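Novice: Once you've had a glance at the structure underneath, I'll fire off some questions.
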Amino acid sequence: MLTDLLGDRKLDGLLVSTLTNVRFYSGFTGSNGLLLVSASGGILFTDPRYTTQARAESRFPVEIVKGPLLAAIAKRLARLRVHRLGIEDQRISHTLYSSLAKLARLVPLGMDIESPRWIKSDAEIAAIRASVALNSAALDAALAHFRPGITETELAAEIDYQMRLRGASGPAFDTIVASGPHSARPHARPRPEPVRPGGYLLIDMGACLNGYMSDMTRTFGVGRMPRRARQIYDAVLESQLAALAAVRPGRRCGQVHAAAVAALRKHELHKYFIHSTGHGLGLEIHEPPRLAKADKAILAPGMVITIEPGVYIEDFGGVRIEDTVLVTANGMERLTQTPKAWTILDENPS
């Protein structure tokens with residue numbers, strides 16, 4: 001894939017500097033690496049901390065560099081007579097850009113290096129599927145520890161523990177546990193406050209397993225809930241199901257978002273839906289495409305996306321329901337199997 005770019009863009013070489021993309025193309029999972037590709041092939045540059053790891057993981061020859069990687073890159077560019085160098089202009093740091101600009105004419109590649117990641121291979125789909133299953137199992141296990149007076153931070157810590165206990169390297173992002181009116185903040189941070197009856201409990205969580213992410217949100221009632229809370233939940237569930245039904249190859253991402261909004265509009269709740277309907281995921285928790293109003297990206301088989309409409313009402317609470325979904329040749333497959341029926345967590349379990 002990368003060598004095709006050399007001819008297409010008339011390049012003498014290209015540099016992959018984003019660690020996620022370095023991993024995708026080379027297999028190397030360390031925290032310091034640059035991948036240089038030219039007509040003579042590719043080479044991975046890293047430092048002595050990763051000598052054994054890089055040689056075991058990388059699909060390309062490895063050069064171990066004592067000192068700044070850029071110095072070794074500069075020597076290699078001169079040796080290969082690289083005059084036009086393709087770069088990840090949307091990701092590269094100013095420092096690296098400035099240094100490379102002294103060595104070659106830089107050619108911005110936009111998303112050309114990244115876009116092959118949007119369509120997942122069978123192996124990647126299997127990895128995401130495993131991450132999704134682990135994530136759901138971790139939630140089930142964590143909720144078994146739900147008890148009167150548990151705080152948001154305690155429950156978030158239990159969720160993260162249960163992920164690691166099942167083999168995750170950690171959460172895919174900071175776990176969100178928000179209760180009562182606090183749940184009206186879409187990216188709320190857990191507080192050392194008890195989860196009290198009479199309000200929502202929103203949990204947004206994802207696991208990182210073998211480098212691949214999962215993402216799921218579930219919202220529960222705690223104890224005796226007002227009728228309005230159930231009505232809002234049912235409306236968000238209707239919106240989420242409508243968006244799921246709209247997922248199919250050839251459909252614009254904006255159309256999926258429109259389906260979610262239309263369902264909420266029937267209940268006059270659309271004005272409380274303040275974010276996009278979803279996003280891609282894989283080696284990163286947020287990848288293209290983005291399922292938003294103006295997004296004209298086209299869904300294709302092999303894409304893995306989230307579907308997560310929500311309603312957030314200040315001083316009352318918020319509801320979000322999110323599944324991880326695979327776009328298939330004929331429609332979609334919902335990878336997240338955790339139930340979505342309205343559920344009340346008893347504040348006084350026996």
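Identifiers in this document derive from the order of the structure tokens: chains are assigned A, B, ..., residues are numbered from 1 separately in each chain, and ligands are numbered from 1 in order of occurrence.
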Which stretch 104-205 of chain A residues have any atom within 9 Å of an atom of stretch 1-19 of chain A, and for each, what is the nearest pair of atoms with distance in Å to one decimal, counting only C-alpha atoms, rows sorted by chain and number, as a tab-separated table?
Specialist:
residue	atom	partner	partner_atom	distance
A:Val107	CA	A:Leu11	CA	8.0
A:Leu109	CA	A:Arg9	CA	8.5
A:Asp112	CA	A:Leu5	CA	8.0
A:Ile113	CA	A:Leu2	CA	7.2
A:Pro116	CA	A:Met1	CA	8.1
Novice: I need the residues of stretch 71-150 of chain A that end up classed as strand (DSSP E or B) by DSSP on the backbone, written out as a VMD selection string.
Specialist: chain A and resid 84 to 87 105 to 108
Novice: Take the residues just selected and output them with C-alpha atoms as a compact mmCIF listing (two decimals), in the first residue's frame.
Specialist:
# COMPACT_ATOMS: atom_id res chain seq x y z
CA ARG A 84 10.57 14.45 -2.43
CA LEU A 85 9.45 13.03 0.92
CA GLY A 86 5.82 12.25 1.70
CA ILE A 87 4.68 13.04 5.23
CA ARG A 105 10.97 18.77 -0.21
CA LEU A 106 7.99 17.71 1.89
CA VAL A 107 4.85 16.46 0.16
CA PRO A 108 1.67 16.42 2.29
Novice: Just want the 9 Å neighbourhood of stretch 265-281 of chain A, counted on only C-alpha atoms, with same-chain residues fewer than 6 positions away dropped. Output as a ChimeraX atom specification.
Specialist: /A:118,128,186,212-215,232,235-236,240,243,253-254,256-258,287-293,303-313,322,324
Novice: Quick one: residues within 8 Å of A:Thr336, only C-alpha atoms, excluding same-chain residues fewer than 5 positions away - as a PyMOL selection string?
Specialist: chain A and resi 132-133+136+216+323-325
Novice: Quick one: everything within 9 Å of stretch 30-34 of chain A, counting only C-alpha atoms, minus sequence neighbours fewer than 3 positions away in the same chain. Send it as a PDB file with N, CA and C atoms, in the first residue's frame.
Specialist:
ATOM      1  N   LEU A  15       7.640   9.048   4.993  1.00  0.00           N
ATOM      2  CA  LEU A  15       7.926   8.793   6.404  1.00  0.00           C
ATOM      3  C   LEU A  15       6.626   8.644   7.174  1.00  0.00           C
ATOM      4  N   VAL A  16       6.484   7.513   7.855  1.00  0.00           N
ATOM      5  CA  VAL A  16       5.341   7.276   8.746  1.00  0.00           C
ATOM      6  C   VAL A  16       5.814   7.583  10.161  1.00  0.00           C
ATOM      7  N   SER A  17       5.229   8.597  10.755  1.00  0.00           N
ATOM      8  CA  SER A  17       5.702   9.063  12.066  1.00  0.00           C
ATOM      9  C   SER A  17       4.690   8.877  13.183  1.00  0.00           C
ATOM     10  N   THR A  18       3.422   8.702  12.850  1.00  0.00           N
ATOM     11  CA  THR A  18       2.398   8.465  13.872  1.00  0.00           C
ATOM     12  C   THR A  18       2.511   7.032  14.364  1.00  0.00           C
ATOM     13  N   LEU A  19       2.625   6.838  15.665  1.00  0.00           N
ATOM     14  CA  LEU A  19       2.865   5.497  16.197  1.00  0.00           C
ATOM     15  C   LEU A  19       1.766   4.510  15.828  1.00  0.00           C
ATOM     16  N   VAL A  22       2.543   3.548  12.347  1.00  0.00           N
ATOM     17  CA  VAL A  22       3.743   2.716  12.367  1.00  0.00           C
ATOM     18  C   VAL A  22       3.367   1.289  12.750  1.00  0.00           C
ATOM     19  N   ARG A  23       2.516   1.162  13.748  1.00  0.00           N
ATOM     20  CA  ARG A  23       2.078  -0.169  14.172  1.00  0.00           C
ATOM     21  C   ARG A  23       1.289  -0.867  13.064  1.00  0.00           C
ATOM     22  N   ILE A  43      12.200   0.551   6.266  1.00  0.00           N
ATOM     23  CA  ILE A  43      13.064   0.297   7.405  1.00  0.00           C
ATOM     24  C   ILE A  43      12.487   0.994   8.624  1.00  0.00           C
ATOM     25  N   LEU A  44      12.476   0.279   9.717  1.00  0.00           N
ATOM     26  CA  LEU A  44      11.959   0.807  10.983  1.00  0.00           C
ATOM     27  C   LEU A  44      13.113   1.284  11.840  1.00  0.00           C
ATOM     28  N   PHE A  45      13.022   2.515  12.299  1.00  0.00           N
ATOM     29  CA  PHE A  45      14.030   3.090  13.181  1.00  0.00           C
ATOM     30  C   PHE A  45      13.464   3.158  14.594  1.00  0.00           C
ATOM     31  N   THR A  46      14.216   2.661  15.566  1.00  0.00           N
ATOM     32  CA  THR A  46      13.824   2.776  16.970  1.00  0.00           C
ATOM     33  C   THR A  46      15.082   2.797  17.824  1.00  0.00           C
ATOM     34  N   ASP A  47      14.900   2.861  19.141  1.00  0.00           N
ATOM     35  CA  ASP A  47      16.057   3.013  20.029  1.00  0.00           C
ATOM     36  C   ASP A  47      16.371   1.700  20.747  1.00  0.00           C
ATOM     37  N   TYR A  50      14.130  -1.061  22.527  1.00  0.00           N
ATOM     38  CA  TYR A  50      13.203  -1.927  21.797  1.00  0.00           C
ATOM     39  C   TYR A  50      13.918  -2.884  20.847  1.00  0.00           C
ATOM     40  N   GLN A  53      12.230  -6.378  20.994  1.00  0.00           N
ATOM     41  CA  GLN A  53      10.820  -6.252  20.629  1.00  0.00           C
ATOM     42  C   GLN A  53      10.656  -5.892  19.155  1.00  0.00           C
ATOM     43  N   ALA A  54      11.415  -4.918  18.689  1.00  0.00           N
ATOM     44  CA  ALA A  54      11.270  -4.470  17.305  1.00  0.00           C
ATOM     45  C   ALA A  54      11.616  -5.574  16.328  1.00  0.00           C
ATOM     46  N   LEU A  69      16.403   9.694  16.607  1.00  0.00           N
ATOM     47  CA  LEU A  69      16.066   8.946  15.404  1.00  0.00           C
ATOM     48  C   LEU A  69      16.224   9.798  14.154  1.00  0.00           C
ATOM     49  N   LEU A  70      15.952  11.099  14.293  1.00  0.00           N
ATOM     50  CA  LEU A  70      15.997  11.979  13.133  1.00  0.00           C
ATOM     51  C   LEU A  70      17.391  12.037  12.515  1.00  0.00           C
ATOM     52  N   ILE A  73      17.604   9.123  10.322  1.00  0.00           N
ATOM     53  CA  ILE A  73      16.744   9.346   9.163  1.00  0.00           C
ATOM     54  C   ILE A  73      17.444  10.258   8.161  1.00  0.00           C
TER      55      ILE A  73
END
Novice: Just want the 10 Å neighbourhood of A:Pro171, counted on only C-alpha atoms, with same-chain residues fewer than 2 positions away dropped. Output as a PyMOL selection string.
Specialist: chain A and resi 135+159-161+163-164+168-169+173-175+205-209+213-215
